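> Got a structure here, written out as structure tokens. Questions coming.
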Amino acid sequence: MDNFHTNIYNWYHINKRDLPWRKDRDPYKIWLSEIILQQTRVEQGKNYFYRFAEAYPTVNDLASAHEDEVLKLWQGLGYYSRARNLHASAKIIALQYNGTFPNDYKNILALKGVGPYTAAAIASIAFDLPFPAVDGNIYRVLSRYYGIETPIDSSAGKKEFQQLAEELIRGQNPGMHNQALMEFGALQCVPKSPKCETCPLSDSCFALKNGLVNQLPVKEKKTKQRHRYFYYYIYDMGDSILLDKRSGSDIWQNLYQLPLMEYEKALSDSELLKADLPVKSSQLNIKYISGQKKHVLSHQIIHAKLIYLEVQGNFNNPSPLIRVNKKDISKFAVSRLVEQFLHEAGLGI
């Protein structure tokens with residue numbers, strides 16, 4: 001075993017975090033943790049892992065749950081397609097595999113929401129299969145240590161790093177190997193201000209020797225973000241308000257929201273007063289219009305305002321809007337943005 005393996009493994013055994021999904025090799029728990037940790041920090045993800053593991057101790061329990069329950073438990077984590085895919089895959093495992101998690105890479109990869117990295121992580125950690133899990137942390141470690149300047153988001157780069165990762169995992173303990181490299185990238189060889197002065201690889205790291213630590217890894221593409229302008233409406237009917245359920249393939253699919261109007265540009269308050277309403281009525285008083293909130297997602301930026309309307313007299317809401325008692329609002333899964341507006345309006349959930 002060369003110094004690269006020896007030093008990282010020794011570092012891992014001393015520095016690895018005590019994480020709940022490392023307590024055993026239950027593939028369901030490992031899968032659950034990997035899905036939660038996509039786009040989520042470990043400290044935040046731990047609380048959600050505990051919630052899901054308690055609510056759904058087995059994959060069959062998750063498969064039997066209603067999607068609304070799963071989305072509500074996921075609320076606040078964002079990237080809700082992860083929760084929908086998690087639920088859909090649990091049903092596949094329950095039906096096609098009799099509730100037993102598949103134990104080969106190909107069938108794990110076929111699950112909804114599981115890509116090559118996640119499949120490799122589960123296959124290696126749960127079943128000792130020699131598949132390298134190449135995530136952002138490992139790209140960074142390998143790029144810096146070996147001095148690879150091929151962009152990690154290019155097809156050539158992905159191929160080069162994959163081949164190197166496959167060479168490095170040969171003859172090793174696959175699960176421990178993948179976790180050691182991921183942990184090393186997460187705690188030691190971090191994106192900004194890596195701990196080079198205490199790094200066990202400092203004597204042989206190409207980037208450190210050549211002053212390229214801050215230049216590696218290389219990315220060639222920049223994510224283009226689309227700007228959208230959302231105007232949410234509270235229809236206050238005393239003891240209840242109106243909610244709508246998002247459908248289609250847009251963001252926050254199947255989550256509940258306040259009635260919404262979307263425009264291609266920002267509207268001033270005076271323009272809003274003249275604009276169309278989600279539900280028109282002559283029995284409305286404008287209580288207030290909020291300031292604008294900026295909600296940043298990976299590929300789009302939402303600029304949003306809340307218009308609070310008080311309803312006077314009888315009011316029949318049109319389908320598909322539903323009338324919800326204020327004390328029951330907390331039962332509905334909503335986006336973080338809608339949650340903030342509801343809290344601002346004194347309807348905390």
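Letters A, B, ... mark the chains of the structure tokens in the order given; residue numbers begin at 1 per chain; ligand numbers begin at 1, in order shown.
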So which bits of region 257-305 of chain A end up strand (DSSP E or B) when you DSSP the backbone, as a list in words?

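DSSP on the backbone gives strand (DSSP E or B) at Gln257, Leu260, Met261, Glu262, Tyr263, Leu284, Asn285, Ile286, Lys287, Tyr288, Ile289, Lys293, Lys294, His295, Val296, Gln300, Ile301, Ile302, His303, Ala304 and Lys305 of chain A.
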
> Using only C-alpha atoms, which residues sit within 7 Å of Leu306 (chain A) once same-chain residues fewer than 3 positions away are excluded, as a ChimeraX atom specification?

/A:231-233,289-290,341

> Determine, counting only C-alpha atoms, which protein, DNA and RNA residues have an atom within 10 Å of an atom of Val311 (chain A); residues of the same chain fewer than 2 positions away are not included. Present the result as a list in words.

Ile234, Tyr235, Asp236, Met237, Gly238, Ile241, Ser281, Ser282, Gln283, Leu284, Asn285, Ile286, Tyr308, Leu309, Gly313, Asn314 and Phe315 of chain A

> Store the residues of this selection in a file with N, CA and C atoms, as a PDB file, in the first residue's frame.


ATOM      1  N   ILE A 234     -52.293  35.927   0.535  1.00  0.00           N
ATOM      2  CA  ILE A 234     -53.056  35.352   1.646  1.00  0.00           C
ATOM      3  C   ILE A 234     -54.486  35.865   1.545  1.00  0.00           C
ATOM      4  N   TYR A 235     -55.420  34.942   1.463  1.00  0.00           N
ATOM      5  CA  TYR A 235     -56.841  35.281   1.519  1.00  0.00           C
ATOM      6  C   TYR A 235     -57.311  34.925   2.922  1.00  0.00           C
ATOM      7  N   ASP A 236     -57.355  35.923   3.796  1.00  0.00           N
ATOM      8  CA  ASP A 236     -57.696  35.715   5.210  1.00  0.00           C
ATOM      9  C   ASP A 236     -59.205  35.766   5.399  1.00  0.00           C
ATOM     10  N   MET A 237     -59.783  34.614   5.757  1.00  0.00           N
ATOM     11  CA  MET A 237     -61.234  34.514   5.958  1.00  0.00           C
ATOM     12  C   MET A 237     -61.575  34.332   7.427  1.00  0.00           C
ATOM     13  N   GLY A 238     -60.770  34.943   8.288  1.00  0.00           N
ATOM     14  CA  GLY A 238     -61.030  34.856   9.723  1.00  0.00           C
ATOM     15  C   GLY A 238     -60.335  33.665  10.341  1.00  0.00           C
ATOM     16  N   ILE A 241     -57.534  30.221   5.585  1.00  0.00           N
ATOM     17  CA  ILE A 241     -56.916  30.836   4.415  1.00  0.00           C
ATOM     18  C   ILE A 241     -56.999  29.839   3.253  1.00  0.00           C
ATOM     19  N   SER A 281     -62.537  39.128  -6.293  1.00  0.00           N
ATOM     20  CA  SER A 281     -63.737  39.340  -5.484  1.00  0.00           C
ATOM     21  C   SER A 281     -63.824  40.817  -5.126  1.00  0.00           C
ATOM     22  N   SER A 282     -65.026  41.282  -4.946  1.00  0.00           N
ATOM     23  CA  SER A 282     -65.218  42.682  -4.546  1.00  0.00           C
ATOM     24  C   SER A 282     -65.167  42.829  -3.032  1.00  0.00           C
ATOM     25  N   GLN A 283     -64.988  41.708  -2.337  1.00  0.00           N
ATOM     26  CA  GLN A 283     -65.035  41.719  -0.868  1.00  0.00           C
ATOM     27  C   GLN A 283     -63.647  41.595  -0.253  1.00  0.00           C
ATOM     28  N   LEU A 284     -62.684  42.281  -0.849  1.00  0.00           N
ATOM     29  CA  LEU A 284     -61.299  42.154  -0.400  1.00  0.00           C
ATOM     30  C   LEU A 284     -60.744  43.492   0.066  1.00  0.00           C
ATOM     31  N   ASN A 285     -60.019  43.444   1.179  1.00  0.00           N
ATOM     32  CA  ASN A 285     -59.266  44.594   1.684  1.00  0.00           C
ATOM     33  C   ASN A 285     -57.791  44.226   1.700  1.00  0.00           C
ATOM     34  N   ILE A 286     -56.944  45.094   1.209  1.00  0.00           N
ATOM     35  CA  ILE A 286     -55.507  44.833   1.275  1.00  0.00           C
ATOM     36  C   ILE A 286     -54.991  45.253   2.650  1.00  0.00           C
ATOM     37  N   TYR A 308     -51.281  40.510   1.464  1.00  0.00           N
ATOM     38  CA  TYR A 308     -52.201  40.006   2.488  1.00  0.00           C
ATOM     39  C   TYR A 308     -53.575  40.635   2.268  1.00  0.00           C
ATOM     40  N   LEU A 309     -54.570  39.804   1.954  1.00  0.00           N
ATOM     41  CA  LEU A 309     -55.930  40.264   1.674  1.00  0.00           C
ATOM     42  C   LEU A 309     -56.883  39.776   2.753  1.00  0.00           C
ATOM     43  N   GLY A 313     -67.298  39.066   4.344  1.00  0.00           N
ATOM     44  CA  GLY A 313     -68.520  38.395   3.877  1.00  0.00           C
ATOM     45  C   GLY A 313     -68.232  36.974   3.430  1.00  0.00           C
ATOM     46  N   ASN A 314     -69.211  36.351   2.811  1.00  0.00           N
ATOM     47  CA  ASN A 314     -69.070  34.979   2.338  1.00  0.00           C
ATOM     48  C   ASN A 314     -68.161  34.931   1.115  1.00  0.00           C
ATOM     49  N   PHE A 315     -67.423  33.852   1.021  1.00  0.00           N
ATOM     50  CA  PHE A 315     -66.436  33.751  -0.041  1.00  0.00           C
ATOM     51  C   PHE A 315     -66.313  32.294  -0.473  1.00  0.00           C
TER      52      PHE A 315
END

> For each of A:Gln292, A:Thr223, A:Gln215, A:Gln179, take the minimum atom-to-atom distance to Ala133 (chain A), counting only C-alpha atoms, then give the residue where this is smallest.

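For Ala133 (chain A), the nearest of the candidates is A:Gln179.
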
> Which value, in Å to one decimal, gives the distance between CA of Asp135 (chain A) and CA of Ile8 (chain A)?

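Pair CA of Asp135 (chain A) / CA of Ile8 (chain A) returns 16.6 Å.
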
> Of the residues A:Ser240, A:Lys327, A:Leu95, A:Pro116, which is the one nearest to Gln162 (chain A), using only C-alpha atoms?

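Ranked by minimum distance to Gln162 (chain A), first place goes to A:Pro116.
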
> What's the separation between CA of Arg51 (chain A) and CA of Ile125 (chain A), in Å to one decimal place?

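Computed distance, CA of Arg51 (chain A) to CA of Ile125 (chain A), equals 22.1 Å.
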